[in-house]
file upload-v8.cif (mmCIF, C-alpha atoms)
data_my_file
loop_
_atom_site.group_PDB
_atom_site.id
_atom_site.type_symbol
_atom_site.label_atom_id
_atom_site.label_comp_id
_atom_site.auth_asym_id
_atom_site.auth_seq_id
_atom_site.Cartn_x
_atom_site.Cartn_y
_atom_site.Cartn_z
ATOM 1 C CA MET A 1 84.605 -76.259 -65.706
ATOM 2 C CA PHE A 2 84.941 -73.418 -68.241
ATOM 3 C CA HIS A 3 86.160 -74.194 -71.754
ATOM 4 C CA GLY A 4 86.895 -72.281 -74.946
ATOM 5 C CA SER A 5 87.501 -68.604 -75.631
ATOM 6 C CA MET A 6 87.233 -66.540 -72.470
ATOM 7 C CA VAL A 7 87.647 -62.836 -73.109
ATOM 8 C CA ALA A 8 89.750 -60.724 -70.762
ATOM 9 C CA LEU A 9 87.296 -57.820 -70.954
ATOM 10 C CA VAL A 10 88.418 -54.220 -71.117
ATOM 11 C CA THR A 11 86.651 -51.705 -68.890
ATOM 12 C CA PRO A 12 85.258 -48.999 -71.194
ATOM 13 C CA MET A 13 86.080 -45.497 -69.996
ATOM 14 C CA ARG A 14 85.370 -41.977 -71.099
ATOM 15 C CA GLU A 15 88.214 -39.588 -71.824
ATOM 16 C CA ASP A 16 88.099 -38.326 -68.209
ATOM 17 C CA GLY A 17 88.680 -41.905 -66.968
ATOM 18 C CA SER A 18 85.139 -42.486 -65.680
ATOM 19 C CA ILE A 19 83.581 -45.864 -66.452
ATOM 20 C CA ASP A 20 81.162 -45.820 -69.388
ATOM 21 C CA GLU A 21 78.503 -48.278 -68.278
ATOM 22 C CA ALA A 22 76.399 -47.942 -71.440
ATOM 23 C CA SER A 23 79.350 -48.935 -73.619
ATOM 24 C CA PHE A 24 80.172 -51.735 -71.198
ATOM 25 C CA ALA A 25 76.652 -53.175 -71.517
ATOM 26 C CA ARG A 26 76.903 -53.044 -75.322
ATOM 27 C CA LEU A 27 80.268 -54.782 -75.142
ATOM 28 C CA VAL A 28 78.749 -57.658 -73.169
ATOM 29 C CA GLU A 29 76.047 -58.030 -75.854
ATOM 30 C CA PHE A 30 78.752 -57.984 -78.545
ATOM 31 C CA HIS A 31 80.432 -60.967 -76.887
ATOM 32 C CA VAL A 32 77.219 -62.887 -76.315
ATOM 33 C CA GLU A 33 76.269 -62.417 -79.980
ATOM 34 C CA ASN A 34 79.720 -63.546 -81.175
ATOM 35 C CA GLY A 35 79.939 -66.729 -79.139
ATOM 36 C CA THR A 36 82.472 -65.818 -76.453
ATOM 37 C CA ASP A 37 82.513 -68.713 -73.977
ATOM 38 C CA ALA A 38 83.078 -66.720 -70.771
ATOM 39 C CA LEU A 39 83.504 -63.097 -69.702
ATOM 40 C CA VAL A 40 86.499 -62.337 -67.472
ATOM 41 C CA VAL A 41 85.862 -58.986 -65.825
ATOM 42 C CA ALA A 42 88.145 -56.763 -63.716
ATOM 43 C CA GLY A 43 91.358 -58.513 -64.630
ATOM 44 C CA THR A 44 94.607 -57.099 -65.978
ATOM 45 C CA THR A 45 93.002 -56.075 -69.271
ATOM 46 C CA GLY A 46 90.120 -54.553 -67.312
ATOM 47 C CA GLU A 47 92.530 -52.196 -65.501
ATOM 48 C CA ALA A 48 91.653 -53.690 -62.123
ATOM 49 C CA SER A 49 94.753 -52.123 -60.590
ATOM 50 C CA THR A 50 93.250 -48.637 -61.051
ATOM 51 C CA LEU A 51 89.680 -49.496 -59.985
ATOM 52 C CA ASP A 52 88.846 -48.667 -56.394
ATOM 53 C CA GLU A 53 87.065 -51.350 -54.366
ATOM 54 C CA ASP A 54 83.579 -49.922 -54.951
ATOM 55 C CA GLU A 55 84.174 -49.697 -58.710
ATOM 56 C CA HIS A 56 85.684 -53.180 -58.760
ATOM 57 C CA CYS A 57 82.629 -54.722 -57.082
ATOM 58 C CA ARG A 58 80.224 -52.649 -59.163
ATOM 59 C CA VAL A 59 81.633 -53.694 -62.560
ATOM 60 C CA ILE A 60 81.468 -57.347 -61.507
ATOM 61 C CA ARG A 61 77.844 -56.938 -60.409
ATOM 62 C CA LEU A 62 76.891 -55.097 -63.603
ATOM 63 C CA VAL A 63 78.489 -57.636 -65.939
ATOM 64 C CA VAL A 64 76.662 -60.446 -64.120
ATOM 65 C CA GLU A 65 73.385 -58.514 -64.563
ATOM 66 C CA TRP A 66 74.037 -57.809 -68.250
ATOM 67 C CA ALA A 67 75.106 -61.386 -68.997
ATOM 68 C CA ARG A 68 71.817 -62.700 -67.539
ATOM 69 C CA GLY A 69 73.151 -66.236 -67.289
ATOM 70 C CA ARG A 70 73.741 -66.505 -71.040
ATOM 71 C CA VAL A 71 77.500 -66.758 -70.613
ATOM 72 C CA PRO A 72 79.589 -67.457 -67.481
ATOM 73 C CA VAL A 73 81.183 -64.520 -65.684
ATOM 74 C CA ILE A 74 84.609 -64.944 -64.092
ATOM 75 C CA ALA A 75 85.609 -62.087 -61.802
ATOM 76 C CA GLY A 76 89.180 -60.963 -61.265
ATOM 77 C CA THR A 77 89.599 -60.713 -57.498
ATOM 78 C CA GLY A 78 93.323 -61.130 -56.937
ATOM 79 C CA ALA A 79 95.375 -58.764 -54.801
ATOM 80 C CA ASN A 80 98.776 -58.644 -53.138
ATOM 81 C CA ALA A 81 97.092 -58.471 -49.721
ATOM 82 C CA THR A 82 95.365 -61.712 -48.776
ATOM 83 C CA ARG A 83 92.630 -59.939 -46.809
ATOM 84 C CA GLU A 84 91.850 -57.731 -49.802
ATOM 85 C CA ALA A 85 91.691 -60.755 -52.121
ATOM 86 C CA ILE A 86 89.256 -62.438 -49.720
ATOM 87 C CA ALA A 87 87.076 -59.303 -49.553
ATOM 88 C CA LEU A 88 86.943 -58.959 -53.351
ATOM 89 C CA THR A 89 86.209 -62.658 -53.752
ATOM 90 C CA HIS A 90 83.334 -62.396 -51.255
ATOM 91 C CA CYS A 91 82.048 -59.438 -53.272
ATOM 92 C CA ALA A 92 82.150 -61.436 -56.509
ATOM 93 C CA MET A 93 80.341 -64.393 -54.993
ATOM 94 C CA LYS A 94 77.640 -62.086 -53.611
ATOM 95 C CA ALA A 95 77.287 -60.466 -57.053
ATOM 96 C CA GLY A 96 76.600 -63.857 -58.638
ATOM 97 C CA ALA A 97 79.852 -64.455 -60.509
ATOM 98 C CA ASP A 98 80.402 -68.048 -61.616
ATOM 99 C CA ALA A 99 84.061 -68.121 -60.572
ATOM 100 C CA CYS A 100 86.967 -65.885 -59.579
ATOM 101 C CA LEU A 101 90.386 -65.391 -61.147
ATOM 102 C CA LEU A 102 93.161 -64.699 -58.626
ATOM 103 C CA VAL A 103 96.505 -63.380 -59.760
ATOM 104 C CA THR A 104 99.654 -64.135 -57.792
ATOM 105 C CA PRO A 105 100.409 -61.375 -55.259
ATOM 106 C CA TYR A 106 102.483 -58.744 -57.031
ATOM 107 C CA TYR A 107 105.354 -56.551 -55.771
ATOM 108 C CA ASN A 108 105.832 -58.113 -52.310
ATOM 109 C CA LYS A 109 107.433 -61.308 -53.713
ATOM 110 C CA PRO A 110 106.108 -64.117 -51.488
ATOM 111 C CA THR A 111 107.886 -67.462 -51.255
ATOM 112 C CA GLN A 112 106.306 -70.574 -52.731
ATOM 113 C CA GLU A 113 105.034 -71.432 -49.252
ATOM 114 C CA GLY A 114 103.557 -67.954 -48.997
ATOM 115 C CA LEU A 115 101.789 -68.415 -52.327
ATOM 116 C CA TYR A 116 100.369 -71.735 -51.219
ATOM 117 C CA ARG A 117 99.053 -70.266 -47.962
ATOM 118 C CA HIS A 118 97.658 -67.177 -49.716
ATOM 119 C CA PHE A 119 95.587 -69.130 -52.238
ATOM 120 C CA ARG A 120 94.554 -71.710 -49.654
ATOM 121 C CA ALA A 121 93.342 -68.920 -47.353
ATOM 122 C CA VAL A 122 91.169 -67.386 -50.078
ATOM 123 C CA ALA A 123 89.776 -70.778 -51.097
ATOM 124 C CA GLU A 124 88.935 -71.671 -47.507
ATOM 125 C CA ALA A 125 87.328 -68.287 -46.836
ATOM 126 C CA VAL A 126 85.073 -68.148 -49.922
ATOM 127 C CA ALA A 127 83.339 -71.187 -51.420
ATOM 128 C CA ILE A 128 83.149 -69.901 -55.017
ATOM 129 C CA PRO A 129 85.167 -71.795 -57.701
ATOM 130 C CA GLN A 130 88.590 -70.195 -58.102
ATOM 131 C CA ILE A 131 91.113 -70.050 -60.937
ATOM 132 C CA LEU A 132 94.761 -69.341 -60.215
ATOM 133 C CA TYR A 133 96.580 -66.850 -62.447
ATOM 134 C CA ASN A 134 100.338 -66.899 -62.987
ATOM 135 C CA VAL A 135 101.782 -63.998 -65.001
ATOM 136 C CA PRO A 136 105.340 -63.437 -63.728
ATOM 137 C CA GLY A 137 106.136 -60.923 -66.466
ATOM 138 C CA ARG A 138 103.760 -58.488 -64.757
ATOM 139 C CA THR A 139 103.849 -59.474 -61.103
ATOM 140 C CA ALA A 140 107.532 -60.245 -60.456
ATOM 141 C CA CYS A 141 106.132 -63.337 -58.733
ATOM 142 C CA ASP A 142 106.343 -66.772 -60.313
ATOM 143 C CA MET A 143 104.238 -69.650 -58.990
ATOM 144 C CA HIS A 144 106.084 -72.913 -59.631
ATOM 145 C CA ASN A 145 104.363 -76.032 -60.926
ATOM 146 C CA ASP A 146 105.110 -77.776 -57.628
ATOM 147 C CA THR A 147 103.019 -75.154 -55.836
ATOM 148 C CA VAL A 148 100.186 -75.429 -58.365
ATOM 149 C CA GLU A 149 100.193 -79.188 -57.827
ATOM 150 C CA ARG A 150 99.822 -78.684 -54.067
ATOM 151 C CA LEU A 151 96.928 -76.270 -54.589
ATOM 152 C CA ALA A 152 95.184 -78.653 -57.002
ATOM 153 C CA SER A 153 94.080 -80.747 -54.036
ATOM 154 C CA ILE A 154 91.819 -77.920 -52.772
ATOM 155 C CA SER A 155 88.315 -78.644 -54.017
ATOM 156 C CA ASN A 156 87.210 -75.165 -55.088
ATOM 157 C CA ILE A 157 90.452 -74.359 -56.894
ATOM 158 C CA VAL A 158 89.299 -75.491 -60.325
ATOM 159 C CA GLY A 159 91.789 -74.097 -62.826
ATOM 160 C CA ILE A 160 94.854 -72.052 -63.637
ATOM 161 C CA LYS A 161 95.548 -69.379 -66.219
ATOM 162 C CA ASP A 162 99.171 -69.828 -67.267
ATOM 163 C CA ALA A 163 100.511 -66.685 -68.940
ATOM 164 C CA THR A 164 104.181 -67.667 -68.939
ATOM 165 C CA GLY A 165 104.213 -68.603 -72.647
ATOM 166 C CA ASP A 166 106.648 -71.387 -71.708
ATOM 167 C CA MET A 167 105.518 -74.473 -73.611
ATOM 168 C CA LEU A 168 107.773 -76.979 -71.840
ATOM 169 C CA ARG A 169 106.571 -75.731 -68.511
ATOM 170 C CA GLY A 170 102.993 -75.802 -69.741
ATOM 171 C CA LYS A 171 103.380 -79.409 -70.861
ATOM 172 C CA ASP A 172 104.681 -80.336 -67.420
ATOM 173 C CA LEU A 173 101.765 -78.510 -65.755
ATOM 174 C CA ILE A 174 99.229 -80.373 -67.902
ATOM 175 C CA GLU A 175 100.856 -83.733 -67.209
ATOM 176 C CA ARG A 176 100.837 -83.105 -63.467
ATOM 177 C CA CYS A 177 97.519 -81.374 -62.916
ATOM 178 C CA ALA A 178 95.069 -81.751 -65.829
ATOM 179 C CA ASP A 179 93.206 -84.517 -64.003
ATOM 180 C CA ARG A 180 92.349 -82.066 -61.194
ATOM 181 C CA LEU A 181 92.512 -78.594 -62.746
ATOM 182 C CA ASP A 182 91.364 -77.075 -66.023
ATOM 183 C CA ILE A 183 94.401 -75.362 -67.501
ATOM 184 C CA TYR A 184 94.024 -72.246 -69.651
ATOM 185 C CA SER A 185 96.454 -70.290 -71.754
ATOM 186 C CA GLY A 186 96.918 -66.655 -70.818
ATOM 187 C CA ASP A 187 99.163 -65.977 -73.814
ATOM 188 C CA ASP A 188 97.311 -65.560 -77.123
ATOM 189 C CA ALA A 189 100.359 -66.271 -79.264
ATOM 190 C CA THR A 190 100.748 -69.774 -77.811
ATOM 191 C CA THR A 191 97.115 -70.661 -77.028
ATOM 192 C CA LEU A 192 96.648 -73.041 -79.948
ATOM 193 C CA GLU A 193 99.872 -74.934 -79.230
ATOM 194 C CA PHE A 194 98.900 -75.093 -75.567
ATOM 195 C CA MET A 195 95.541 -76.557 -76.585
ATOM 196 C CA ARG A 196 97.261 -79.217 -78.671
ATOM 197 C CA MET A 197 98.804 -80.411 -75.407
ATOM 198 C CA GLY A 198 95.480 -80.539 -73.594
ATOM 199 C CA CYS A 199 94.630 -77.128 -72.159
ATOM 200 C CA LYS A 200 90.937 -76.234 -72.216
ATOM 201 C CA GLY A 201 91.044 -72.814 -73.854
ATOM 202 C CA GLY A 202 92.400 -69.337 -73.396
ATOM 203 C CA ILE A 203 91.717 -66.201 -71.395
ATOM 204 C CA SER A 204 92.295 -63.890 -74.281
ATOM 205 C CA VAL A 205 93.087 -60.279 -75.130
ATOM 206 C CA THR A 206 92.602 -60.958 -78.858
ATOM 207 C CA ALA A 207 89.035 -62.098 -78.158
ATOM 208 C CA ASN A 208 88.122 -58.492 -77.340
ATOM 209 C CA VAL A 209 88.349 -57.523 -81.011
ATOM 210 C CA ALA A 210 87.923 -60.912 -82.738
ATOM 211 C CA PRO A 211 85.509 -62.806 -80.471
ATOM 212 C CA LYS A 212 83.887 -64.978 -83.127
ATOM 213 C CA ALA A 213 87.188 -66.115 -84.603
ATOM 214 C CA MET A 214 88.677 -66.883 -81.189
ATOM 215 C CA HIS A 215 85.567 -68.850 -80.235
ATOM 216 C CA GLU A 216 85.691 -70.830 -83.472
ATOM 217 C CA MET A 217 89.423 -71.503 -83.135
ATOM 218 C CA CYS A 218 89.043 -72.798 -79.585
ATOM 219 C CA GLU A 219 85.916 -74.767 -80.518
ATOM 220 C CA ALA A 220 87.783 -76.503 -83.340
ATOM 221 C CA ALA A 221 90.781 -77.244 -81.127
ATOM 222 C CA LEU A 222 88.604 -78.709 -78.367
ATOM 223 C CA ALA A 223 86.978 -80.937 -81.002
ATOM 224 C CA GLY A 224 90.401 -82.119 -82.169
ATOM 225 C CA ASP A 225 90.126 -80.361 -85.553
ATOM 226 C CA PHE A 226 93.521 -78.727 -85.515
ATOM 227 C CA VAL A 227 93.586 -78.180 -89.287
ATOM 228 C CA ARG A 228 90.608 -75.813 -88.991
ATOM 229 C CA ALA A 229 91.933 -74.322 -85.764
ATOM 230 C CA GLU A 230 95.280 -73.572 -87.383
ATOM 231 C CA ALA A 231 93.641 -71.948 -90.404
ATOM 232 C CA ILE A 232 91.677 -69.605 -88.136
ATOM 233 C CA ASN A 233 94.678 -68.898 -85.930
ATOM 234 C CA GLN A 234 96.806 -67.894 -88.910
ATOM 235 C CA ARG A 235 94.486 -64.920 -89.491
ATOM 236 C CA LEU A 236 94.755 -63.962 -85.832
ATOM 237 C CA ILE A 237 98.547 -64.105 -85.415
ATOM 238 C CA PRO A 238 99.029 -60.408 -86.301
ATOM 239 C CA LEU A 239 96.564 -59.479 -83.546
ATOM 240 C CA HIS A 240 98.212 -61.842 -81.049
ATOM 241 C CA GLN A 241 101.450 -59.955 -81.692
ATOM 242 C CA LYS A 242 100.461 -56.347 -82.349
ATOM 243 C CA LEU A 243 97.972 -55.980 -79.510
ATOM 244 C CA PHE A 244 101.067 -55.952 -77.314
ATOM 245 C CA VAL A 245 103.133 -53.275 -79.081
ATOM 246 C CA GLU A 246 102.586 -51.249 -75.907
ATOM 247 C CA ALA A 247 101.478 -52.442 -72.493
ATOM 248 C CA ASN A 248 98.132 -54.225 -72.441
ATOM 249 C CA PRO A 249 95.396 -52.909 -72.490
ATOM 250 C CA ILE A 250 96.633 -49.805 -74.325
ATOM 251 C CA PRO A 251 96.525 -51.286 -77.876
ATOM 252 C CA VAL A 252 93.333 -53.309 -77.427
ATOM 253 C CA LYS A 253 91.403 -50.324 -76.055
ATOM 254 C CA TRP A 254 92.561 -48.260 -79.027
ATOM 255 C CA ALA A 255 91.471 -51.060 -81.387
ATOM 256 C CA LEU A 256 88.009 -51.276 -79.804
ATOM 257 C CA HIS A 257 87.670 -47.503 -80.101
ATOM 258 C CA GLU A 258 88.585 -47.775 -83.807
ATOM 259 C CA MET A 259 85.806 -50.360 -84.152
ATOM 260 C CA GLY A 260 83.346 -47.904 -82.611
ATOM 261 C CA LEU A 261 82.669 -50.127 -79.602
ATOM 262 C CA ILE A 262 84.055 -48.024 -76.739
ATOM 263 C CA PRO A 263 85.238 -44.474 -76.027
ATOM 264 C CA ALA A 264 88.947 -43.679 -76.080
ATOM 265 C CA GLY A 265 89.418 -43.437 -72.302
ATOM 266 C CA ILE A 266 92.137 -45.158 -70.300
ATOM 267 C CA ARG A 267 93.363 -44.396 -66.777
ATOM 268 C CA LEU A 268 96.714 -43.035 -65.781
ATOM 269 C CA PRO A 269 99.404 -44.164 -65.446
ATOM 270 C CA LEU A 270 98.444 -45.816 -68.752
ATOM 271 C CA THR A 271 98.041 -43.502 -71.727
ATOM 272 C CA GLU A 272 96.458 -43.802 -75.158
ATOM 273 C CA LEU A 273 98.301 -45.738 -77.874
ATOM 274 C CA SER A 274 101.229 -43.807 -79.336
ATOM 275 C CA ALA A 275 100.504 -42.383 -82.783
ATOM 276 C CA SER A 276 103.540 -44.227 -84.147
ATOM 277 C CA CYS A 277 101.760 -47.544 -83.372
ATOM 278 C CA HIS A 278 98.389 -46.752 -84.944
ATOM 279 C CA ALA A 279 99.212 -48.071 -88.411
ATOM 280 C CA THR A 280 100.732 -51.242 -86.957
ATOM 281 C CA VAL A 281 97.634 -52.149 -84.947
ATOM 282 C CA ARG A 282 95.257 -51.072 -87.716
ATOM 283 C CA GLU A 283 97.045 -53.327 -90.216
ATOM 284 C CA ALA A 284 96.772 -56.295 -87.837
ATOM 285 C CA MET A 285 93.046 -55.611 -87.458
ATOM 286 C CA GLN A 286 92.611 -55.492 -91.237
ATOM 287 C CA GLN A 287 94.503 -58.769 -91.686
ATOM 288 C CA ALA A 288 92.206 -60.390 -89.119
ATOM 289 C CA GLY A 289 89.121 -59.019 -90.857
ATOM 290 C CA VAL A 290 87.837 -56.998 -87.905
ATOM 291 C CA LEU A 291 88.276 -53.518 -89.408
#
call {"tool": "encode", "arguments": {"input": "upload-v8.cif", "output": "structure tokens"}}
result
Amino acid sequence: MFHGSMVALVTPMREDGSIDEASFARLVEFHVENGTDALVVAGTTGEASTLDEDEHCRVIRLVVEWARGRVPVIAGTGANATREAIALTHCAMKAGADACLLVTPYYNKPTQEGLYRHFRAVAEAVAIPQILYNVPGRTACDMHNDTVERLASISNIVGIKDATGDMLRGKDLIERCADRLDIYSGDDATTLEFMRMGCKGGISVTANVAPKAMHEMCEAALAGDFVRAEAINQRLIPLHQKLFVEANPIPVKWALHEMGLIPAGIRLPLTELSASCHATVREAMQQAGVL
């Protein structure tokens, strides 16, 4: 349903932590101009965990308005309370989002049956297309491929973002579910290899700072031109690695500030990139040709 380079958008903030809507609007234009294939708003990289419900719904609504139908908008609406996830998903549908991205419930550690019932409940409550999101390194909750396969039979569950970085597991997921779900990489370092196996693109942190290159890499891979895709990806490997020297989105927000695209703000408990990491991230940006 959605293919290519889908940026996991940051939420621009001023130094006091307030949302900078003017910078956010410019950032949307930056992605439209550089060919980004979808905007993923209010996800992990967008600091959704520190947005209150009003802010969460507002940024989704604003990004939909700014995008003006030129690029799809996928709204992060996951939560570790099923009722909250349903409320946020309703909000996104009302705002005009094209789909929602729902992370596995974090902290409370549901069983596989609990995960199945959680995602089924959201899908049954809200008719918008929904993309599952499995990132056990952050949530302490791992959704098994068996559970994904069960959920694939629900008509408005249309995809999954797999951020495990486990290629064998990804291959198994594609073999089981690619006829019913679009499968996306949520791990920039392995996106190209994942696409070789049949995934439809990536929901990307790197695309924040190198949107054109990520679009062109995914475009080439989807066309089966893996020689060109590999050549582009080689330039991006330093970013794939160094944008995670501290917890995401700390490095990528610093990088975007260095590019003059957003203010330096980030919300506690996250803090600005440590000075000892500045040269590392700057060098990766220079190698990728974005600075």
call {"tool": "residues_around", "arguments": {"input": "upload-v8.cif", "residues": "Gly165 (chain A)", "least_positions_apart": "6", "cutoff": "12 Å", "atoms": "only C-alpha atoms", "output": "VMD selection string"}}
result
chain A and resid 134 to 137 171 184 to 194 202
call {"tool": "residues_near_point", "arguments": {"input": "upload-v8.cif", "point": "(106.0, -63.8, -50.7)", "cutoff": "12 Å", "atoms": "all atoms listed in the file", "output": "ChimeraX atom specification"}}
result
/A:80-82,104-119,139-143
call {"tool": "closest_residue", "arguments": {"input": "upload-v8.cif", "among": "A:Leu51, A:Leu256, A:Ala229, A:Val148", "to": "Ile183 (chain A)", "atoms": "all atoms listed in the file"}}
result
A:Val148
call {"tool": "atom_distance", "arguments": {"input": "upload-v8.cif", "atom1": "CA of Gly46 (chain A)", "atom2": "CA of Gly76 (chain A)"}}
result
8.9 Å
call {"tool": "closest_atom_pairs", "arguments": {"input": "upload-v8.cif", "of": "region 185-262 of chain A", "to": "region 4-13 of chain A", "cutoff": "9 Å", "atoms": "only C-alpha atoms", "output": "CSV"}}
result
residue,atom,partner,partner_atom,distance
A:Lys200,CA,A:Gly4,CA,6.3
A:Gly201,CA,A:Gly4,CA,4.3
A:Gly202,CA,A:Ser5,CA,5.4
A:Ile203,CA,A:Met6,CA,4.6
A:Ser204,CA,A:Val7,CA,4.9
A:Val205,CA,A:Ala8,CA,5.5
A:Thr206,CA,A:Val7,CA,7.8
A:Ala207,CA,A:Val7,CA,5.3
A:Asn208,CA,A:Val7,CA,6.1
A:Pro211,CA,A:Val7,CA,7.7
A:Met214,CA,A:Ser5,CA,5.9
A:His215,CA,A:Ser5,CA,5.0
A:Glu216,CA,A:Ser5,CA,8.3
A:Met217,CA,A:Ser5,CA,8.3
A:Cys218,CA,A:Gly4,CA,5.1
A:Glu219,CA,A:Gly4,CA,6.2
A:Ala221,CA,A:Gly4,CA,8.8
A:Leu222,CA,A:Gly4,CA,7.5
A:Pro249,CA,A:Val10,CA,7.2
A:Val252,CA,A:Val10,CA,8.1
A:Lys253,CA,A:Val10,CA,7.0
A:Leu261,CA,A:Pro12,CA,8.9
A:Ile262,CA,A:Pro12,CA,5.8
call {"tool": "axis_aligned_box", "arguments": {"input": "upload-v8.cif", "around": "region 205-222 of chain A", "padding_each_side": "4 Å", "output": "AutoDock Vina command-line options"}}
result
--center_x 88.5 --center_y -68.1 --center_z -79.9 --size_x 17.2 --size_y 29.2 --size_z 17.5
call {"tool": "atom_distance", "arguments": {"input": "upload-v8.cif", "atom1": "CA of Ala85 (chain A)", "atom2": "CA of Ala38 (chain A)"}}
result
21.4 Å
call {"tool": "resolve_selection", "arguments": {"input": "upload-v8.cif", "expression": "the PyMOL selection byres ((chain A and resi 267-275) around 8)", "output": "ChimeraX atom specification"}}
result
/A:17,47,50,246,250-251,254,264-266,276-278
call {"tool": "atom_distance", "arguments": {"input": "upload-v8.cif", "atom1": "CA of Cys177 (chain A)", "atom2": "CA of Leu101 (chain A)"}}
result
17.6 Å
call {"tool": "resolve_selection", "arguments": {"input": "upload-v8.cif", "expression": "the PyMOL selection byres ((chain A and resi 239) around 9)", "output": "ChimeraX atom specification"}}
result
/A:188-189,206,209-210,235-238,240-244,281,284-285,287-288
call {"tool": "write_last_selection", "arguments": {"input": "upload-v8.cif", "atoms": "C-alpha atoms", "output": "mmCIF file, in the frame of the given file"}}
result
data_model
loop_
_atom_site.group_PDB
_atom_site.id
_atom_site.type_symbol
_atom_site.label_atom_id
_atom_site.label_comp_id
_atom_site.auth_asym_id
_atom_site.auth_seq_id
_atom_site.Cartn_x
_atom_site.Cartn_y
_atom_site.Cartn_z
ATOM 1 C CA ASP A 188 97.311 -65.560 -77.123
ATOM 2 C CA ALA A 189 100.359 -66.271 -79.264
ATOM 3 C CA THR A 206 92.602 -60.958 -78.858
ATOM 4 C CA VAL A 209 88.349 -57.523 -81.011
ATOM 5 C CA ALA A 210 87.923 -60.912 -82.738
ATOM 6 C CA ARG A 235 94.486 -64.920 -89.491
ATOM 7 C CA LEU A 236 94.755 -63.962 -85.832
ATOM 8 C CA ILE A 237 98.547 -64.105 -85.415
ATOM 9 C CA PRO A 238 99.029 -60.408 -86.301
ATOM 10 C CA HIS A 240 98.212 -61.842 -81.049
ATOM 11 C CA GLN A 241 101.450 -59.955 -81.692
ATOM 12 C CA LYS A 242 100.461 -56.347 -82.349
ATOM 13 C CA LEU A 243 97.972 -55.980 -79.510
ATOM 14 C CA PHE A 244 101.067 -55.952 -77.314
ATOM 15 C CA VAL A 281 97.634 -52.149 -84.947
ATOM 16 C CA ALA A 284 96.772 -56.295 -87.837
ATOM 17 C CA MET A 285 93.046 -55.611 -87.458
ATOM 18 C CA GLN A 287 94.503 -58.769 -91.686
ATOM 19 C CA ALA A 288 92.206 -60.390 -89.119
#
call {"tool": "closest_residue", "arguments": {"input": "upload-v8.cif", "among": "A:Glu29, A:Ala22, A:Asn145, A:Cys100", "to": "Ala123 (chain A)", "atoms": "only C-alpha atoms"}}
result
A:Cys100
call {"tool": "closest_residue", "arguments": {"input": "upload-v8.cif", "among": "A:Leu27, A:Phe2, A:Ile60, A:Leu168", "to": "Ile131 (chain A)", "atoms": "only C-alpha atoms"}}
result
A:Phe2
call {"tool": "decode", "arguments": {"input": "upload-v8.cif", "residues": "region 140-170 of chain A", "atoms": "C-alpha atoms", "output": "CSV table (one decimal), in the first residue's frame"}}
result
chain,number,residue,atom,x,y,z
A,140,ALA,CA,10.7,-5.1,25.9
A,141,CYS,CA,7.8,-6.7,23.9
A,142,ASP,CA,8.5,-9.0,20.9
A,143,MET,CA,5.7,-9.9,18.5
A,144,HIS,CA,6.4,-13.3,17.1
A,145,ASN,CA,5.9,-14.1,13.4
A,146,ASP,CA,3.2,-16.5,14.3
A,147,THR,CA,1.2,-13.7,15.8
A,148,VAL,CA,1.8,-11.4,12.8
A,149,GLU,CA,0.6,-14.2,10.6
A,150,ARG,CA,-2.7,-14.4,12.6
A,151,LEU,CA,-3.1,-10.6,12.3
A,152,ALA,CA,-2.5,-10.6,8.6
A,153,SER,CA,-6.0,-12.0,8.1
A,154,ILE,CA,-7.6,-8.8,9.4
A,155,SER,CA,-8.4,-6.7,6.3
A,156,ASN,CA,-7.3,-3.2,7.5
A,157,ILE,CA,-4.0,-4.4,8.9
A,158,VAL,CA,-2.0,-3.7,5.8
A,159,GLY,CA,1.7,-3.9,6.8
A,160,ILE,CA,4.3,-4.3,9.5
A,161,LYS,CA,7.4,-2.3,10.3
A,162,ASP,CA,10.0,-4.9,11.5
A,163,ALA,CA,12.8,-3.2,13.5
A,164,THR,CA,14.4,-6.3,14.8
A,165,GLY,CA,17.3,-6.2,12.3
A,166,ASP,CA,17.1,-10.0,12.3
A,167,MET,CA,17.5,-11.1,8.6
A,168,LEU,CA,16.6,-14.7,9.1
A,169,ARG,CA,13.5,-13.8,11.0
A,170,GLY,CA,12.7,-11.1,8.3
